[in-house]
>>> print(open('run.txt').read())   # compact mmCIF, C-alpha atoms (C1' of nucleotides)
# COMPACT_ATOMS: atom_id res chain seq x y z
CA MET A 912 95.36 81.58 77.13
CA LYS A 913 92.37 80.63 75.11
CA LEU A 914 91.46 77.11 74.16
CA ASP A 915 89.88 76.29 70.86
CA ARG A 916 87.64 73.41 69.96
CA ILE A 917 90.58 71.14 69.19
CA ASP A 918 92.21 71.80 72.55
CA LEU A 919 88.98 70.92 74.29
CA LYS A 920 88.70 67.77 72.25
CA ILE A 921 92.20 66.78 73.28
CA LEU A 922 91.56 67.52 76.94
CA LYS A 923 88.28 65.71 76.89
CA HIS A 924 89.85 62.64 75.44
CA ILE A 925 93.01 62.37 77.47
CA GLN A 926 91.14 63.05 80.69
CA THR A 927 90.07 59.44 80.65
CA ASN A 928 92.53 57.99 78.16
CA ALA A 929 95.85 59.39 79.18
CA LYS A 930 97.85 56.70 77.43
CA THR A 931 96.40 57.21 73.98
CA THR A 932 99.31 57.46 71.58
CA ASN A 933 99.94 60.82 70.05
CA GLN A 934 99.24 59.34 66.65
CA ASP A 935 95.81 58.10 67.64
CA LEU A 936 95.05 61.36 69.37
CA ALA A 937 96.10 63.25 66.26
CA ALA A 938 93.79 61.16 64.13
CA LEU A 939 90.97 61.75 66.61
CA VAL A 940 91.24 65.51 66.39
CA ALA A 941 92.14 65.51 62.70
CA LEU A 942 95.63 66.94 62.97
CA SER A 943 99.03 65.67 62.01
CA PRO A 944 100.95 63.98 64.83
CA SER A 945 103.43 66.83 65.02
CA SER A 946 100.78 69.51 65.42
CA CYS A 947 98.89 67.45 67.92
CA LEU A 948 101.96 66.87 70.01
CA GLN A 949 102.71 70.56 69.93
CA ARG A 950 99.30 71.31 71.39
CA VAL A 951 99.61 68.71 74.11
CA ARG A 952 103.00 70.08 75.09
CA ARG A 953 101.57 73.56 75.23
CA LEU A 954 98.68 72.42 77.42
CA GLU A 955 101.20 70.83 79.74
CA ALA A 956 103.47 73.87 79.77
CA GLU A 957 100.55 76.19 80.51
CA GLY A 958 99.60 74.08 83.49
CA ILE A 959 96.27 73.10 82.01
CA ILE A 960 97.20 69.46 82.03
CA THR A 961 98.48 68.99 85.56
CA GLY A 962 99.42 65.34 85.60
CA TYR A 963 98.90 61.81 84.44
CA TYR A 964 97.47 59.21 86.78
CA ALA A 965 96.76 55.53 86.79
CA THR A 966 93.74 54.42 88.78
CA LEU A 967 93.74 51.16 90.68
CA ASN A 968 91.18 48.71 91.86
CA LEU A 969 92.23 49.07 95.44
CA ALA A 970 90.21 46.10 96.60
CA LYS A 971 92.51 43.89 94.56
CA VAL A 972 95.62 45.42 96.05
CA SER A 973 94.88 45.26 99.72
CA ARG A 974 92.28 45.32 102.42
CA HIS A 975 91.19 48.78 103.49
CA ILE A 976 88.33 50.99 104.58
CA MET A 977 87.20 54.31 103.21
CA CYS A 978 85.48 57.02 105.24
CA ILE A 979 84.14 60.46 104.60
CA ALA A 980 84.38 62.82 107.52
CA THR A 981 82.74 66.17 108.11
CA VAL A 982 84.64 68.58 110.29
CA SER A 983 83.31 71.56 112.21
CA MET A 984 85.73 73.88 113.91
CA LYS A 985 84.58 75.17 117.26
CA ASN A 986 86.93 78.07 116.93
CA HIS A 987 87.01 79.85 113.60
CA SER A 988 90.41 81.44 114.00
CA ALA A 989 92.81 81.53 111.12
CA LYS A 990 95.37 79.95 113.40
CA ASP A 991 93.25 76.90 114.09
CA PHE A 992 92.50 76.55 110.42
CA ARG A 993 96.16 76.60 109.58
CA LYS A 994 96.96 74.03 112.22
CA PHE A 995 94.21 71.75 111.06
CA GLU A 996 95.16 72.08 107.42
CA SER A 997 98.75 71.27 108.12
CA ALA A 998 97.68 68.18 110.06
CA VAL A 999 95.60 67.14 107.06
CA GLU A 1000 98.58 67.69 104.82
CA SER A 1001 100.80 65.49 106.93
CA ILE A 1002 98.48 62.48 107.03
CA PRO A 1003 98.81 60.52 103.82
CA GLU A 1004 95.65 58.49 104.38
CA ILE A 1005 93.63 61.66 103.93
CA VAL A 1006 93.32 61.62 100.19
CA GLU A 1007 91.03 64.60 99.71
CA CYS A 1008 90.15 67.67 101.72
CA TYR A 1009 87.77 70.51 100.84
CA THR A 1010 86.97 73.72 102.69
CA VAL A 1011 83.26 74.37 102.35
CA SER A 1012 80.53 76.79 103.26
CA GLY A 1013 77.59 75.69 105.38
CA GLU A 1014 77.21 73.73 108.55
CA PHE A 1015 80.63 72.08 108.20
CA ASP A 1016 84.03 73.57 107.59
CA PHE A 1017 85.76 70.65 105.88
CA PHE A 1018 85.02 67.44 104.09
CA LEU A 1019 87.67 64.74 104.19
CA ARG A 1020 87.99 61.48 102.35
CA ILE A 1021 90.17 58.98 104.10
CA VAL A 1022 91.47 55.61 102.94
CA CYS A 1023 93.27 53.53 105.55
CA PRO A 1024 93.94 49.89 106.40
CA ASN A 1025 91.59 49.52 109.35
CA MET A 1026 89.54 51.19 112.04
CA ALA A 1027 92.39 51.25 114.51
CA ARG A 1028 94.35 53.41 112.15
CA TYR A 1029 91.28 55.51 111.48
CA LEU A 1030 91.01 56.24 115.18
CA GLU A 1031 94.62 57.35 115.30
CA ILE A 1032 94.01 59.72 112.43
CA ASN A 1033 90.97 61.08 114.18
CA GLU A 1034 92.98 61.77 117.26
CA MET A 1035 95.71 63.49 115.32
CA LEU A 1036 93.16 65.77 113.71
CA VAL A 1037 91.37 66.58 116.93
CA GLY A 1038 94.65 67.06 118.70
CA SER A 1039 95.93 69.45 116.07
CA VAL A 1040 93.61 72.18 117.31
CA ASN A 1041 93.52 71.24 120.97
CA TYR A 1042 90.23 69.35 120.73
CA SER A 1043 88.23 72.29 119.50
CA LEU A 1044 86.61 70.65 116.52
CA LYS A 1045 83.98 68.06 115.87
CA ILE A 1046 84.48 65.22 113.43
CA ASN A 1047 81.64 63.18 112.09
CA THR A 1048 82.58 59.95 110.39
CA HIS A 1049 80.69 58.19 107.62
CA VAL A 1050 81.90 54.83 106.48
CA VAL A 1051 81.69 54.40 102.73
CA MET A 1052 79.62 51.36 101.93
CA ASN A 1053 79.47 51.75 98.18
CA GLU A 1054 81.11 53.83 95.49
CA ASN A 1055 78.24 54.56 93.18
CA LYS A 1056 80.13 56.91 90.97
CA VAL A 1057 83.86 57.32 90.94
CA PHE A 1058 85.63 60.31 89.53
CA LYS A 1059 86.26 59.92 85.83
CA GLY A 1060 86.99 63.46 84.78
CA ILE A 1061 84.81 66.46 84.14
CA ASP A 1062 82.34 66.70 81.31
CA LEU A 1063 83.94 69.63 79.52
CA SER A 1064 81.09 70.04 77.11
CA LYS A 1065 78.89 70.98 80.07
CA LEU A 1066 81.35 73.54 81.32
CA SER A 1067 82.50 75.23 78.16
CA SER A 1068 78.91 75.88 77.12
CA ASP A 1069 78.90 78.70 79.61
CA ASP A 1070 81.84 80.78 78.43
CA MET B 296 96.47 37.05 92.39
CA LYS B 297 99.24 38.11 94.66
CA LEU B 298 101.38 41.16 94.20
CA ASP B 299 105.02 41.18 95.06
CA ARG B 300 107.20 44.10 96.05
CA ILE B 301 107.98 44.95 92.45
CA ASP B 302 104.32 45.05 91.48
CA LEU B 303 103.63 47.43 94.34
CA LYS B 304 106.53 49.60 93.30
CA ILE B 305 105.15 49.77 89.79
CA LEU B 306 101.66 50.60 91.00
CA LYS B 307 102.92 53.17 93.41
CA HIS B 308 104.86 54.92 90.72
CA ILE B 309 102.38 54.92 87.88
CA GLN B 310 99.59 56.02 90.17
CA THR B 311 100.94 59.53 89.89
CA ASN B 312 103.18 59.18 86.84
CA ALA B 313 101.13 57.31 84.34
CA LYS B 314 103.14 58.49 81.37
CA THR B 315 106.49 57.24 82.58
CA THR B 316 108.05 55.30 79.73
CA ASN B 317 108.34 51.61 80.17
CA GLN B 318 112.09 51.91 79.98
CA ASP B 319 112.26 54.39 82.84
CA LEU B 320 109.81 52.34 84.85
CA ALA B 321 111.91 49.25 84.26
CA ALA B 322 115.01 51.04 85.48
CA LEU B 323 113.12 52.25 88.53
CA VAL B 324 112.12 48.76 89.57
CA ALA B 325 115.37 47.17 88.41
CA LEU B 326 113.96 44.95 85.71
CA SER B 327 114.53 44.69 81.99
CA PRO B 328 112.01 46.62 79.89
CA SER B 329 110.46 43.42 78.61
CA SER B 330 109.82 41.98 82.06
CA CYS B 331 108.52 45.27 83.31
CA LEU B 332 106.11 45.61 80.44
CA GLN B 333 104.91 42.08 81.03
CA ARG B 334 104.06 42.96 84.61
CA VAL B 335 102.24 46.13 83.67
CA ARG B 336 100.22 44.23 81.09
CA ARG B 337 99.35 41.63 83.67
CA LEU B 338 98.25 44.29 86.15
CA GLU B 339 96.02 45.77 83.47
CA ALA B 340 94.62 42.41 82.44
CA GLU B 341 93.84 41.49 86.04
CA GLY B 342 91.90 44.70 86.46
CA ILE B 343 94.28 46.02 89.08
CA ILE B 344 95.15 48.98 86.93
CA THR B 345 91.76 50.28 85.90
CA GLY B 346 92.62 53.25 83.73
CA TYR B 347 94.88 56.11 82.86
CA TYR B 348 93.77 59.67 83.48
CA ALA B 349 95.02 63.15 82.84
CA THR B 350 94.13 65.74 85.45
CA LEU B 351 93.35 69.29 84.46
CA ASN B 352 93.53 72.66 86.09
CA LEU B 353 89.86 73.28 85.58
CA ALA B 354 90.09 76.93 86.53
CA LYS B 355 92.18 77.48 83.41
CA VAL B 356 89.69 75.70 81.21
CA SER B 357 86.45 77.36 82.19
CA ARG B 358 84.47 79.05 84.90
CA HIS B 359 82.66 76.66 87.21
CA ILE B 360 81.57 75.94 90.75
CA MET B 361 82.06 72.87 92.86
CA CYS B 362 79.71 71.69 95.59
CA ILE B 363 79.54 68.82 97.97
CA ALA B 364 76.06 67.66 98.86
CA THR B 365 74.85 65.39 101.60
CA VAL B 366 71.70 63.45 100.88
CA SER B 367 69.29 61.87 103.34
CA MET B 368 66.51 59.70 102.04
CA LYS B 369 63.24 60.03 103.88
CA ASN B 370 62.19 56.66 102.67
CA HIS B 371 64.74 53.88 102.90
CA SER B 372 63.19 51.59 100.34
CA ALA B 373 65.38 49.79 97.86
CA LYS B 374 63.20 51.23 95.14
CA ASP B 375 63.92 54.82 96.10
CA PHE B 376 67.60 54.07 96.35
CA ARG B 377 67.62 52.63 92.88
CA LYS B 378 65.77 55.61 91.48
CA PHE B 379 68.10 58.05 93.15
CA GLU B 380 71.18 56.18 92.04
CA SER B 381 70.05 56.08 88.47
CA ALA B 382 69.39 59.82 88.56
CA VAL B 383 72.91 60.31 89.87
CA GLU B 384 74.24 58.15 87.08
CA SER B 385 72.48 60.18 84.44
CA ILE B 386 73.75 63.58 85.55
CA PRO B 387 77.28 64.09 84.26
CA GLU B 388 78.01 67.03 86.55
CA ILE B 389 77.87 64.66 89.50
CA VAL B 390 81.44 63.47 89.43
CA GLU B 391 81.46 61.36 92.57
CA CYS B 392 78.84 59.59 94.67
CA TYR B 393 79.28 57.48 97.78
CA THR B 394 76.77 55.53 99.82
CA VAL B 395 77.65 55.94 103.48
CA SER B 396 76.62 54.93 106.95
CA GLY B 397 75.57 57.51 109.49
CA GLU B 398 73.29 60.49 109.45
CA PHE B 399 73.41 60.80 105.65
CA ASP B 400 72.84 58.25 102.95
CA PHE B 401 74.96 59.73 100.17
CA PHE B 402 77.74 62.17 99.56
CA LEU B 403 77.91 63.81 96.16
CA ARG B 404 80.55 65.96 94.56
CA ILE B 405 79.23 68.14 91.80
CA VAL B 406 81.04 70.34 89.30
CA CYS B 407 78.88 72.57 87.13
CA PRO B 408 79.04 75.87 85.30
CA ASN B 409 76.89 77.95 87.63
CA MET B 410 74.29 78.02 90.37
CA ALA B 411 71.39 78.00 87.96
CA ARG B 412 72.53 74.66 86.68
CA TYR B 413 73.15 73.48 90.21
CA LEU B 414 69.55 74.21 91.06
CA GLU B 415 68.37 72.19 88.10
CA ILE B 416 70.45 69.26 89.22
CA ASN B 417 69.04 69.58 92.70
CA GLU B 418 65.54 69.44 91.35
CA MET B 419 66.29 66.41 89.23
CA LEU B 420 67.63 64.59 92.26
CA VAL B 421 64.75 65.54 94.51
CA GLY B 422 62.29 64.76 91.77
CA SER B 423 63.75 61.32 91.17
CA VAL B 424 62.24 60.03 94.40
CA ASN B 425 59.14 62.16 94.50
CA TYR B 426 60.61 64.75 96.87
CA SER B 427 61.28 62.30 99.67
CA LEU B 428 64.88 63.20 100.33
CA LYS B 429 66.79 66.06 101.83
CA ILE B 430 69.81 67.58 100.14
CA ASN B 431 72.26 69.77 101.95
CA THR B 432 74.62 71.75 99.79
CA HIS B 433 78.12 72.91 100.67
CA VAL B 434 79.94 75.13 98.25
CA VAL B 435 83.61 74.25 97.97
CA MET B 436 85.68 77.30 98.78
CA ASN B 437 89.09 75.68 98.69
CA GLU B 438 90.63 72.40 97.66
CA ASN B 439 93.17 71.80 100.39
CA LYS B 440 94.13 68.38 99.24
CA VAL B 441 93.26 66.89 95.90
CA PHE B 442 93.33 63.21 95.18
CA LYS B 443 96.77 62.06 94.13
CA GLY B 444 96.53 58.34 94.57
CA ILE B 445 96.68 56.09 97.59
CA ASP B 446 99.74 55.64 99.73
CA LEU B 447 100.20 51.93 99.10
CA SER B 448 102.91 51.56 101.69
CA LYS B 449 100.32 52.43 104.33
CA LEU B 450 97.89 49.86 103.04
CA SER B 451 100.10 46.94 102.25
CA SER B 452 101.61 47.02 105.72
CA ASP B 453 98.45 45.39 106.93
CA ASP B 454 98.40 42.22 104.82
C1' DA C 183 118.46 13.71 95.56
C1' DC C 184 117.05 14.19 90.81
C1' DG C 185 114.62 15.25 86.59
C1' DA C 186 110.40 17.49 84.49
C1' DG C 187 107.87 21.24 83.99
C1' DC C 188 106.72 25.91 85.02
C1' DC C 189 107.81 30.84 85.68
C1' DG C 190 109.78 34.85 85.24
C1' DC C 191 113.73 36.90 83.61
C1' DC C 192 116.79 38.73 79.88
C1' DG C 193 118.58 40.55 75.29
C1' DA C 194 118.28 41.07 70.45
C1' DA C 195 115.41 41.96 66.62
C1' DT C 196 111.50 44.26 64.90
C1' DA C 197 107.62 47.30 64.79
C1' DT C 198 105.58 51.68 66.43
C1' DA C 199 105.71 55.89 68.16
C1' DA C 200 107.67 60.37 69.54
C1' DT C 201 110.26 64.19 68.35
C1' DT C 202 112.71 67.52 65.52
C1' DC C 203 113.05 70.52 61.89
C1' DG C 204 112.53 72.89 57.82
C1' DG C 205 109.10 74.72 54.69
C1' DT C 206 104.38 76.65 53.63
C1' DA C 207 99.94 78.72 54.11
C1' DT C 208 96.88 81.71 56.57
C1' DA C 209 95.50 85.71 59.25
C1' DA C 210 96.35 89.94 61.76
C1' DG C 211 98.44 94.41 62.08
C1' DG C 212 100.78 98.33 60.41
C1' DC D 1110 100.39 95.54 50.36
C1' DC D 1111 104.04 93.97 53.02
C1' DT D 1112 105.59 92.03 57.52
C1' DT D 1113 105.21 89.11 61.14
C1' DA D 1114 103.44 85.64 63.92
C1' DT D 1115 101.08 81.35 64.18
C1' DA D 1116 99.90 76.87 63.28
C1' DC D 1117 100.03 73.54 60.15
C1' DC D 1118 102.28 69.57 57.57
C1' DG D 1119 105.63 65.75 56.08
C1' DA D 1120 110.04 63.61 56.13
C1' DA D 1121 113.96 62.28 58.73
C1' DT D 1122 115.66 60.93 63.02
C1' DT D 1123 115.54 59.27 67.51
C1' DA D 1124 113.44 56.82 71.13
C1' DT D 1125 110.28 53.49 72.78
C1' DA D 1126 107.33 49.48 72.79
C1' DT D 1127 106.72 44.89 71.70
C1' DT D 1128 107.80 40.16 70.39
C1' DC D 1129 110.10 36.02 70.94
C1' DG D 1130 113.49 32.47 71.74
C1' DG D 1131 116.34 30.90 75.19
C1' DC D 1132 118.15 30.57 79.95
C1' DG D 1133 118.23 29.84 84.76
C1' DG D 1134 116.11 28.76 89.11
C1' DC D 1135 112.11 26.69 91.85
C1' DT D 1136 108.85 23.35 92.95
C1' DC D 1137 107.08 19.05 93.07
C1' DG D 1138 106.63 14.29 92.49
C1' DT D 1139 109.14 10.19 92.64
>>> encode(input="run.txt", output="structure tokens")
Amino acid sequence: MKLDRIDLKILKHIQTNAKTTNQDLAALVALSPSSCLQRVRRLEAEGIITGYYATLNLAKVSRHIMCIATVSMKNHSAKDFRKFESAVESIPEIVECYTVSGEFDFFLRIVCPNMARYLEINEMLVGSVNYSLKINTHVVMNENKVFKGIDLSKLSSDD
Amino acid sequence: MKLDRIDLKILKHIQTNAKTTNQDLAALVALSPSSCLQRVRRLEAEGIITGYYATLNLAKVSRHIMCIATVSMKNHSAKDFRKFESAVESIPEIVECYTVSGEFDFFLRIVCPNMARYLEINEMLVGSVNYSLKINTHVVMNENKVFKGIDLSKLSSDD
DNA sequence: ACGAGCCGCCGAATATAATTCGGTATAAGG
DNA sequence: CCTTATACCGAATTATATTCGGCGGCTCGT
């Protein structure tokens, strides 16, 4: 499916303003509300829009810590990878996990109530592959830039 | 401001379902629509809800690469940190940046159209502090777990 | 214990918005 | 040149958000 300029405009806008009314969005992209809605529904149906989220100021909700962990597997077997990944999946405090190239195998971002819980998580992860991995923890001291969507104008320039 | 069980229920739900209608949300938390809306408005006004986002399947929008970079400053002066942080701020392809403790000073997540552009970004970052930092790049090969909000039940248990 | 005042709830009325559904124009393909 | 598919629009309908007055229960001071 190909996206035209109007689709991109819609995506760009709702990325950071998901609750914009269809009427306002329609005005923004210079379409009638019905046509605009039709496009949004299509983008949803095609799986291009994958969900709608509200972001919270977590500090105002509860006390917590955030860590970023690098993980290196000692044993690069598919089996160990599967076991580790399923452990990651099962721990809700792990909010992001990436498989990467380079000196590490995974990056994790973890948000949990306290260090005691962080230690437990660490042990679960290490235990999942019978201690054959190395985790390096980095406590987040500041969030300089938080995710606020992708700059689509930068990406689409390439196609 | 203190949050009661209903507030948490609201937050928990809209975290991943931002477009739920107020009526449905009200039913979910067993309140009348008017009371429910009042609470949501309060959560917004207090800065507890910070925004509403749509997430995209980027692969269906355009070709791109994603990298995670670790950054170590050679010179830990406040001045260099400020210069680096402002460079980070000015580069839209850097979608996340954390200051951390440990062997690195920053973690970056970068989404850009291609490696050529990634190199440019690298040079801008290194140049921002007169080459006195070390960047280590890790290309993301798989997104095992993408951010889908925080498990508030895990956090609030601690208060 | 009692009354005042505050809070948060509800429901009805009203205002906005979403959604549906023809009908029409444009562009591509045969 | 005709056919078909596509995407648009506007009006009608349905659904939702929003406002507001009033009601109960809680707290607090007396």
>>> residues_near_point(input="run.txt", point="(63.6, 60.4, 93.9)", cutoff="9 Å", atoms="all atoms listed in the file", output="short mmCIF file (atom, residue, chain, number, x, y, z; two decimals) with C-alpha atoms, in the frame of the given file")
data_model
loop_
_atom_site.label_atom_id
_atom_site.label_comp_id
_atom_site.auth_asym_id
_atom_site.auth_seq_id
_atom_site.Cartn_x
_atom_site.Cartn_y
_atom_site.Cartn_z
CA MET B 368 66.51 59.70 102.04
CA ASP B 375 63.92 54.82 96.10
CA PHE B 376 67.60 54.07 96.35
CA ARG B 377 67.62 52.63 92.88
CA LYS B 378 65.77 55.61 91.48
CA PHE B 379 68.10 58.05 93.15
CA GLU B 380 71.18 56.18 92.04
CA ALA B 382 69.39 59.82 88.56
CA MET B 419 66.29 66.41 89.23
CA LEU B 420 67.63 64.59 92.26
CA VAL B 421 64.75 65.54 94.51
CA GLY B 422 62.29 64.76 91.77
CA SER B 423 63.75 61.32 91.17
CA VAL B 424 62.24 60.03 94.40
CA ASN B 425 59.14 62.16 94.50
CA TYR B 426 60.61 64.75 96.87
CA SER B 427 61.28 62.30 99.67
CA LEU B 428 64.88 63.20 100.33
#
>>> residues_around(input="run.txt", residues="region 1112-1122 of chain D", least_positions_apart="5", cutoff="12 Å", atoms="all atoms listed in the file", output="ChimeraX atom specification")
/A:941-947,949-950 /C:200-212
>>> atom_distance(input="run.txt", atom1="CA of Leu320 (chain B)", atom2="C1' of DA195 (chain C)")
21.7 Å
>>> closest_residue(input="run.txt", among="B:Val366, B:Ala373, B:Val390, B:Leu450", to="Cys1023 (chain A)", atoms="only C-alpha atoms")
B:Leu450
>>> atom_distance(input="run.txt", atom1="CA of Thr966 (chain A)", atom2="CA of Tyr348 (chain B)")
7.5 Å
>>> interface_residues(input="run.txt", of="chain B", to="chain A", cutoff="6 Å", atoms="only C-alpha atoms", output="PyMOL selection string")
chain B and resi 309-313+343-352+390-397+408+433-442+450
>>> axis_aligned_box(input="run.txt", around="region 1120-1137 of chain D", padding_each_side="4 Å", output="JSON")
{"center_x": 112.5, "center_y": 41.3, "center_z": 74.6, "size_x": 19.5, "size_y": 52.6, "size_z": 44.9}
